[in-house]
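So this block is model.cif, mmCIF, C-alpha atoms:
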```cif
data_input
#
loop_
_atom_site.label_atom_id
_atom_site.label_comp_id
_atom_site.auth_asym_id
_atom_site.auth_seq_id
_atom_site.Cartn_x
_atom_site.Cartn_y
_atom_site.Cartn_z
CA MET A 279 89.57 84.95 -154.17
CA LEU A 280 89.19 83.16 -150.83
CA ARG A 281 91.52 83.92 -147.93
CA GLN A 282 93.47 81.18 -146.25
CA TRP A 283 91.95 80.08 -142.95
CA ASP A 284 94.67 81.73 -140.85
CA ASP A 285 94.10 85.02 -142.67
CA LEU A 286 90.42 85.28 -141.77
CA PRO A 287 89.32 87.84 -139.18
CA ASP A 288 89.34 86.35 -135.68
CA PHE A 289 85.55 86.55 -135.34
CA MET A 290 85.22 84.21 -138.35
CA LYS A 291 87.79 81.59 -137.32
CA THR A 292 85.31 79.42 -135.45
CA SER A 293 84.18 75.81 -135.58
CA GLU A 294 80.81 76.98 -136.95
CA VAL A 295 82.39 78.71 -139.96
CA ARG A 296 85.12 76.14 -140.69
CA PRO A 297 82.97 73.60 -142.63
CA TYR A 298 81.75 76.32 -144.99
CA TRP A 299 85.28 77.60 -145.58
CA GLU A 300 86.43 74.05 -146.38
CA THR A 301 83.66 73.68 -148.95
CA LEU A 302 84.63 76.92 -150.69
CA ASN A 303 88.34 76.14 -150.39
CA SER A 304 87.78 72.93 -152.35
CA ARG A 305 86.05 74.90 -155.11
CA ARG A 306 88.45 77.76 -155.69
CA GLY A 307 88.29 77.22 -159.45
CA GLN A 308 84.56 77.87 -159.42
CA LEU A 309 85.14 81.03 -157.36
CA VAL A 310 87.49 82.28 -160.10
CA LEU A 311 84.76 81.60 -162.69
CA LYS A 312 82.32 83.49 -160.48
CA ARG A 313 84.52 86.60 -160.43
CA ILE A 314 85.17 86.47 -164.19
CA PHE A 315 81.44 86.11 -164.84
CA ASP A 316 80.62 88.99 -162.51
CA LEU A 317 83.13 91.35 -164.08
CA ILE A 318 82.29 90.61 -167.73
CA VAL A 319 78.51 90.68 -167.26
CA ALA A 320 78.66 93.84 -165.11
CA LEU A 321 80.67 95.71 -167.73
CA VAL A 322 78.32 94.61 -170.52
CA LEU A 323 75.25 95.58 -168.48
CA LEU A 324 76.77 98.95 -167.68
CA LEU A 325 77.01 99.70 -171.40
CA VAL A 326 73.53 98.38 -172.17
CA LEU A 327 71.78 100.01 -169.21
CA ALA A 328 73.57 103.37 -169.17
CA ILE A 329 70.74 105.25 -170.91
CA PRO A 330 67.87 103.52 -169.01
CA MET A 331 69.66 104.28 -165.75
CA LEU A 332 70.01 107.92 -166.78
CA ILE A 333 66.26 108.08 -167.49
CA ILE A 334 65.50 106.55 -164.08
CA ALA A 335 67.81 109.08 -162.43
CA VAL A 336 65.91 111.97 -164.03
CA TRP A 337 62.59 110.39 -162.99
CA ILE A 338 63.70 110.14 -159.36
CA ARG A 339 64.92 113.74 -159.40
CA LEU A 340 61.57 114.99 -160.74
CA ASP A 341 59.47 112.75 -158.49
CA SER A 342 60.68 113.87 -155.06
CA PRO A 343 63.36 116.04 -153.44
CA GLY A 344 66.56 114.36 -152.38
CA PRO A 345 69.57 112.55 -153.83
CA ILE A 346 69.24 110.16 -156.76
CA LEU A 347 71.22 107.39 -155.09
CA TYR A 348 70.78 105.76 -151.71
CA ARG A 349 74.15 105.01 -150.08
CA GLN A 350 73.54 103.12 -146.83
CA GLU A 351 76.48 101.41 -145.13
CA ARG A 352 76.32 97.63 -145.53
CA VAL A 353 78.60 94.67 -144.73
CA THR A 354 80.32 92.38 -147.24
CA THR A 355 83.28 89.97 -147.38
CA TYR A 356 85.11 89.36 -144.09
CA GLY A 357 83.02 92.02 -142.37
CA ARG A 358 84.20 94.90 -144.54
CA HIS A 359 81.87 97.89 -144.58
CA PHE A 360 80.93 99.57 -147.85
CA ARG A 361 78.32 102.05 -149.05
CA ILE A 362 75.88 100.30 -151.36
CA HIS A 363 74.67 101.94 -154.60
CA LYS A 364 70.88 101.89 -155.04
CA PHE A 365 68.42 104.23 -156.65
CA ARG A 366 66.60 106.13 -153.93
CA THR A 367 63.06 104.80 -153.55
CA MET A 368 62.12 106.48 -150.28
CA VAL A 369 61.86 110.02 -149.04
CA SER A 370 65.07 111.76 -148.08
CA ASN A 371 66.37 110.77 -144.61
CA ALA A 372 64.04 107.75 -144.51
CA ASP A 373 66.48 105.94 -142.18
CA LYS A 374 65.73 108.54 -139.51
CA LEU A 375 61.98 108.11 -139.91
CA GLY A 376 61.71 104.37 -139.33
CA SER A 377 63.32 100.94 -139.55
CA ALA A 378 66.16 99.93 -141.89
CA VAL A 379 63.76 97.40 -143.44
CA THR A 380 60.51 98.30 -145.17
CA VAL A 381 56.97 97.03 -144.79
CA GLU A 382 54.13 96.78 -147.27
CA ASN A 383 52.64 100.19 -148.09
CA ASP A 384 55.48 101.89 -146.23
CA ASN A 385 54.59 105.59 -146.34
CA ARG A 386 58.26 106.49 -146.78
CA ILE A 387 58.30 104.99 -150.30
CA THR A 388 57.94 107.51 -153.12
CA ARG A 389 55.71 107.11 -156.18
CA ALA A 390 58.69 106.40 -158.43
CA GLY A 391 60.20 104.20 -155.74
CA SER A 392 57.15 101.96 -155.62
CA ARG A 393 57.49 101.19 -159.33
CA LEU A 394 61.23 100.71 -159.14
CA ARG A 395 60.97 98.32 -156.18
CA LYS A 396 58.32 96.18 -157.85
CA LEU A 397 60.65 95.48 -160.78
CA ARG A 398 63.82 95.64 -158.65
CA LEU A 399 65.16 98.39 -160.89
CA ASP A 400 66.34 100.26 -157.80
CA GLU A 401 69.18 97.75 -157.61
CA LEU A 402 70.65 98.49 -161.05
CA PRO A 403 73.39 100.82 -159.67
CA GLN A 404 74.76 97.85 -157.73
CA ILE A 405 76.52 97.03 -160.99
CA PHE A 406 79.17 99.45 -159.73
CA ASP A 407 79.49 97.45 -156.51
CA VAL A 408 79.96 94.25 -158.53
CA ILE A 409 82.72 95.85 -160.60
CA SER A 410 84.50 97.03 -157.44
CA HIS A 411 84.13 93.51 -155.96
CA SER A 412 82.14 94.75 -152.98
CA MET A 413 79.31 92.61 -154.31
CA SER A 414 78.55 89.74 -156.69
CA PHE A 415 75.49 89.02 -158.79
CA VAL A 416 74.63 86.07 -156.53
CA GLY A 417 75.29 85.93 -152.81
CA THR A 418 73.84 86.78 -149.44
CA ARG A 419 72.12 90.15 -149.55
CA PRO A 420 74.26 92.77 -147.74
CA GLU A 421 72.75 93.56 -144.37
CA ALA A 422 72.87 96.84 -142.50
CA VAL A 423 75.59 96.99 -139.85
CA LYS A 424 73.14 96.84 -136.94
CA TYR A 425 71.77 93.50 -138.13
CA VAL A 426 75.20 91.95 -138.71
CA GLU A 427 76.09 92.87 -135.14
CA GLN A 428 73.35 90.44 -134.06
CA TYR A 429 74.52 87.50 -136.22
CA GLU A 430 74.78 84.04 -134.73
CA ALA A 431 78.26 82.45 -135.03
CA GLU A 432 77.33 80.25 -138.00
CA TRP A 433 75.90 83.15 -139.98
CA TYR A 434 79.34 84.72 -140.31
CA ALA A 435 80.05 82.03 -142.91
CA THR A 436 78.02 84.15 -145.33
CA LEU A 437 80.82 86.72 -145.17
CA LEU A 438 83.28 84.33 -146.80
CA MET A 439 82.06 85.59 -150.18
CA PRO A 440 80.94 89.00 -151.46
CA ALA A 441 77.38 90.07 -150.76
CA GLY A 442 74.99 89.52 -153.65
CA ILE A 443 72.38 91.36 -155.67
CA THR A 444 70.20 88.26 -155.57
CA SER A 445 70.13 84.83 -153.92
CA GLU A 446 67.83 81.92 -153.26
CA ALA A 447 66.85 83.64 -150.02
CA SER A 448 65.97 86.80 -151.92
CA ILE A 449 63.72 84.81 -154.24
CA ARG A 450 61.91 83.07 -151.41
CA TYR A 451 61.58 86.30 -149.43
CA LYS A 452 60.80 88.64 -152.32
CA ASP A 453 57.63 89.71 -150.50
CA GLU A 454 59.48 90.37 -147.26
CA ASP A 455 57.70 93.70 -146.84
CA ARG A 456 54.38 91.88 -146.60
CA LEU A 457 55.71 89.55 -143.92
CA LEU A 458 56.70 92.57 -141.84
CA ASN A 459 53.50 94.50 -142.50
CA GLY A 460 51.74 95.28 -139.24
CA ALA A 461 54.51 93.73 -137.15
CA ASP A 462 54.81 95.06 -133.62
CA GLY A 463 58.46 96.10 -133.61
CA VAL A 464 59.66 95.63 -137.20
CA ASP A 465 63.37 95.37 -136.35
CA LYS A 466 62.72 92.76 -133.65
CA VAL A 467 60.54 90.64 -135.93
CA TYR A 468 63.08 90.91 -138.74
CA VAL A 469 65.99 89.76 -136.56
CA GLU A 470 64.11 87.01 -134.72
CA GLU A 471 61.91 85.60 -137.49
CA VAL A 472 62.76 86.76 -141.01
CA LEU A 473 66.56 86.85 -140.85
CA PRO A 474 66.93 83.28 -139.48
CA GLY A 475 64.76 81.99 -142.33
CA LYS A 476 66.82 83.80 -144.93
CA MET A 477 70.04 82.55 -143.36
CA LYS A 478 68.95 78.93 -143.75
CA TRP A 479 68.84 79.48 -147.51
CA ASN A 480 72.10 81.46 -147.52
CA LEU A 481 74.02 78.81 -145.58
CA GLU A 482 72.58 75.99 -147.68
CA SER A 483 73.80 77.77 -150.82
CA ILE A 484 77.34 77.86 -149.42
CA ARG A 485 77.17 74.29 -148.13
CA LYS A 486 76.31 73.06 -151.65
CA TYR A 487 78.15 75.80 -153.51
CA SER A 488 78.18 75.56 -157.29
CA PHE A 489 78.90 78.31 -159.80
CA PHE A 490 76.41 76.73 -162.19
CA ASP A 491 73.70 76.72 -159.53
CA GLU A 492 74.30 80.45 -159.17
CA ILE A 493 73.62 80.92 -162.88
CA ALA A 494 70.33 79.09 -162.37
CA THR A 495 69.56 81.44 -159.47
CA VAL A 496 69.96 84.42 -161.78
CA PHE A 497 67.34 82.99 -164.15
CA ARG A 498 65.01 82.13 -161.25
CA THR A 499 65.32 85.72 -160.07
CA VAL A 500 64.16 87.00 -163.45
CA LEU A 501 61.16 84.66 -163.34
CA ALA A 502 60.39 85.71 -159.75
CA VAL A 503 60.38 89.40 -160.73
CA MET A 504 57.98 88.49 -163.55
CA GLY A 505 55.61 86.93 -161.01
CA LYS A 506 56.57 83.28 -160.62
CA GLU A 507 56.21 82.03 -157.08
CA TYR A 508 58.82 79.81 -155.41
CA LYS A 509 58.20 77.98 -152.12
#
```

As structure tokens, what does this structure read like?
Amino acid sequence: MLRQWDDLPDFMKTSEVRPYWETLNSRRGQLVLKRIFDLIVALVLLLVLAIPMLIIAVWIRLDSPGPILYRQERVTTYGRHFRIHKFRTMVSNADKLGSAVTVENDNRITRAGSRLRKLRLDELPQIFDVISHSMSFVGTRPEAVKYVEQYEAEWYATLLMPAGITSEASIRYKDEDRLLNGADGVDKVYVEEVLPGKMKWNLESIRKYSFFDEIATVFRTVLAVMGKEYK
């Protein structure tokens, strides 16, 4: 589940990443539990949510022209690129009309997309990414390639494990679009202010890694979606 140190990509074999690798290396058993949990829960959810996902797909198709799924290239374990599965919540070709991150009241968001984003239902298709092991239920959110290219050396430690559907950083920054609302240069503000804050949570989660803490994060995510605030 975790590569040996000598097998890591060269850009990750640094003194900044080493302490995080050593932490995970000492907890390989928990990483096995993590993968078993991901696979079993993803398969069960796929069966349970198949019909609701079909209904959402029809809703998206009727709401606005364009594909049902959004397949942007993201980065996961060891810097591998993959195309994430998400329900489309923005107008077609939204990437060409603005930033890769969204702001509050972003005019690229569709009517159906606004509802889906509020309840995070747009992320349901990421079940397929969990099954393929491109993602996990809990882990650092997969960033767009252009943001990963601007990572500080220590941040590459987040690529030791698969990207996640949710994380402590996601909970604390669930209103990220509001933070970026009205920003002068959204990409610049995201990279210089928002991303460093999220990375502090991501790195802390690896530094104190526990499979059972990840289970707690899943429950906190549900409460956050229902409106509970975490500081």

Give me, as a tab-separated table, each residue of range 326-372 of chain A that comes within 10 Å of range 382-405 of chain A, together with its shortest interatomic pair and the distance in Å at one decimal, counting all atoms listed in the file, with rows ordered by chain and rising residue number.
```
residue	atom	partner	partner_atom	distance
A:Leu327	CA	A:Leu402	CA	8.4
A:Ala328	CA	A:Pro403	CA	9.8
A:Pro330	CA	A:Leu402	CA	9.8
A:Met331	CA	A:Leu402	CA	7.5
A:Ile334	CA	A:Leu394	CA	8.8
A:Trp337	CA	A:Ala390	CA	7.2
A:Ile338	CA	A:Ala390	CA	6.3
A:Arg339	CA	A:Ala390	CA	9.7
A:Leu340	CA	A:Ala390	CA	9.3
A:Asp341	CA	A:Ala390	CA	6.4
A:Ser342	CA	A:Thr388	CA	7.2
A:Leu347	CA	A:Pro403	CA	8.3
A:Tyr348	CA	A:Asp400	CA	9.3
A:Ile362	CA	A:Gln404	CA	6.9
A:His363	CA	A:Gln404	CA	5.2
A:Lys364	CA	A:Glu401	CA	5.2
A:Phe365	CA	A:Asp400	CA	4.6
A:Arg366	CA	A:Gly391	CA	6.9
A:Thr367	CA	A:Gly391	CA	3.7
A:Met368	CA	A:Ile387	CA	4.1
A:Val369	CA	A:Arg386	CA	5.5
A:Ser370	CA	A:Arg386	CA	8.7
A:Asn371	CA	A:Arg386	CA	9.4
A:Ala372	CA	A:Arg386	CA	6.3
```

Go ahead and write the residues just picked, C-alpha atoms, as a PDB file, in the coordinates of the input.
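Okay, this is what ended up in result.pdb:
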```
ATOM      1  CA  LEU A 327      71.780 100.010-169.210  1.00  0.00           C
ATOM      2  CA  ALA A 328      73.570 103.370-169.170  1.00  0.00           C
ATOM      3  CA  PRO A 330      67.870 103.520-169.010  1.00  0.00           C
ATOM      4  CA  MET A 331      69.660 104.280-165.750  1.00  0.00           C
ATOM      5  CA  ILE A 334      65.500 106.550-164.080  1.00  0.00           C
ATOM      6  CA  TRP A 337      62.590 110.390-162.990  1.00  0.00           C
ATOM      7  CA  ILE A 338      63.700 110.140-159.360  1.00  0.00           C
ATOM      8  CA  ARG A 339      64.920 113.740-159.400  1.00  0.00           C
ATOM      9  CA  LEU A 340      61.570 114.990-160.740  1.00  0.00           C
ATOM     10  CA  ASP A 341      59.470 112.750-158.490  1.00  0.00           C
ATOM     11  CA  SER A 342      60.680 113.870-155.060  1.00  0.00           C
ATOM     12  CA  LEU A 347      71.220 107.390-155.090  1.00  0.00           C
ATOM     13  CA  TYR A 348      70.780 105.760-151.710  1.00  0.00           C
ATOM     14  CA  ILE A 362      75.880 100.300-151.360  1.00  0.00           C
ATOM     15  CA  HIS A 363      74.670 101.940-154.600  1.00  0.00           C
ATOM     16  CA  LYS A 364      70.880 101.890-155.040  1.00  0.00           C
ATOM     17  CA  PHE A 365      68.420 104.230-156.650  1.00  0.00           C
ATOM     18  CA  ARG A 366      66.600 106.130-153.930  1.00  0.00           C
ATOM     19  CA  THR A 367      63.060 104.800-153.550  1.00  0.00           C
ATOM     20  CA  MET A 368      62.120 106.480-150.280  1.00  0.00           C
ATOM     21  CA  VAL A 369      61.860 110.020-149.040  1.00  0.00           C
ATOM     22  CA  SER A 370      65.070 111.760-148.080  1.00  0.00           C
ATOM     23  CA  ASN A 371      66.370 110.770-144.610  1.00  0.00           C
ATOM     24  CA  ALA A 372      64.040 107.750-144.510  1.00  0.00           C
TER      25      ALA A 372
END
```

I'd like the neighbourhood of range 410-416 of chain A as a ChimeraX atom specification, where a residue qualifies if any of its atoms comes within 9 Å (using only C-alpha atoms), though same-chain residues fewer than 2 positions away should be ignored. /A:312-313,315-317,320,353-355,358-360,362,404-408,418-420,439-446,492-493,495-496

Do you know which residues are at most 6 Å from range 479-487 of chain A counting all atoms listed in the file, after dropping those on the same chain fewer than 2 positions away, and could you put them as a PyMOL selection string? chain A and resi 298+418+447+476-477

Based on the selection just made, write C-alpha atoms of those residues as an mmCIF file, in the frame of the given file.
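Written out: out-v5.cif:
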```
data_model
loop_
_atom_site.group_PDB
_atom_site.id
_atom_site.type_symbol
_atom_site.label_atom_id
_atom_site.label_comp_id
_atom_site.auth_asym_id
_atom_site.auth_seq_id
_atom_site.Cartn_x
_atom_site.Cartn_y
_atom_site.Cartn_z
ATOM 1 C CA TYR A 298 81.750 76.320 -144.990
ATOM 2 C CA THR A 418 73.840 86.780 -149.440
ATOM 3 C CA ALA A 447 66.850 83.640 -150.020
ATOM 4 C CA LYS A 476 66.820 83.800 -144.930
ATOM 5 C CA MET A 477 70.040 82.550 -143.360
#
```

d(CA of Arg361 in chain A, CA of Arg306 in chain A) in Å: 27.1 Å

Exercise: residues within 6 Å of coordinate (63.3, 83.2, -158.5), counting all atoms listed in the file, as a PyMOL selection string: chain A and resi 449+498-499+501-502

What separates CA of Val326 in chain A and CA of Ala422 in chain A is a distance of 29.7 Å

I want to know what sits within 12 Å of Asp285 in chain A, based on only C-alpha atoms, with residues of the same chain fewer than 6 positions away left out; could you give that as a list in words?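 Listed by chain and then number, they are Lys291, Trp299, Tyr356 and Leu438 of chain A.
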
Could you turn the residues from that selection into a file that holds C-alpha atoms, as a short mmCIF file (atom, residue, chain, number, x, y, z; two decimals), in the coordinates of the input?
```cif
data_model
loop_
_atom_site.label_atom_id
_atom_site.label_comp_id
_atom_site.auth_asym_id
_atom_site.auth_seq_id
_atom_site.Cartn_x
_atom_site.Cartn_y
_atom_site.Cartn_z
CA LYS A 291 87.79 81.59 -137.32
CA TRP A 299 85.28 77.60 -145.58
CA TYR A 356 85.11 89.36 -144.09
CA LEU A 438 83.28 84.33 -146.80
#
```

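Here CA of Ala335 in chain A is placed at a distance of 23.9 Å from CA of Lys452 in chain A.
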
Go through the shown structure with the PyMOL selection byres ((chain A and resi 425) around 10) and write out the matching residues as a list in words.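 Applied to this file, the PyMOL selection byres ((chain A and resi 425) around 10) selects Arg352, Val353, Ala378, Pro420, Glu421, Ala422, Val423, Lys424, Val426, Glu427, Gln428, Tyr429, Asp465, Tyr468, Val469 and Leu473 of chain A.
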
Those selected residues, please, written with C-alpha atoms and delivered as a CSV table (one decimal), in the frame of the given file.
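Saved as out_12.csv:
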```
chain,number,residue,atom,x,y,z
A,352,ARG,CA,76.3,97.6,-145.5
A,353,VAL,CA,78.6,94.7,-144.7
A,378,ALA,CA,66.2,99.9,-141.9
A,420,PRO,CA,74.3,92.8,-147.7
A,421,GLU,CA,72.8,93.6,-144.4
A,422,ALA,CA,72.9,96.8,-142.5
A,423,VAL,CA,75.6,97.0,-139.8
A,424,LYS,CA,73.1,96.8,-136.9
A,426,VAL,CA,75.2,92.0,-138.7
A,427,GLU,CA,76.1,92.9,-135.1
A,428,GLN,CA,73.4,90.4,-134.1
A,429,TYR,CA,74.5,87.5,-136.2
A,465,ASP,CA,63.4,95.4,-136.4
A,468,TYR,CA,63.1,90.9,-138.7
A,469,VAL,CA,66.0,89.8,-136.6
A,473,LEU,CA,66.6,86.8,-140.8
```

Selection near range 287-289 of chain A, 10 Å with all atoms listed in the file, sequence-local residues under 2 positions removed, as a VMD selection string: chain A and resid 281 283 to 285 291 to 292 295 356 to 357 431 434

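Comparing the minimum interatomic distances between Leu311 in chain A and each of A:Gln350, A:Gln282, A:Thr436, A:Ser488, counting all atoms listed in the file, we find that A:Ser488 sits nearest.
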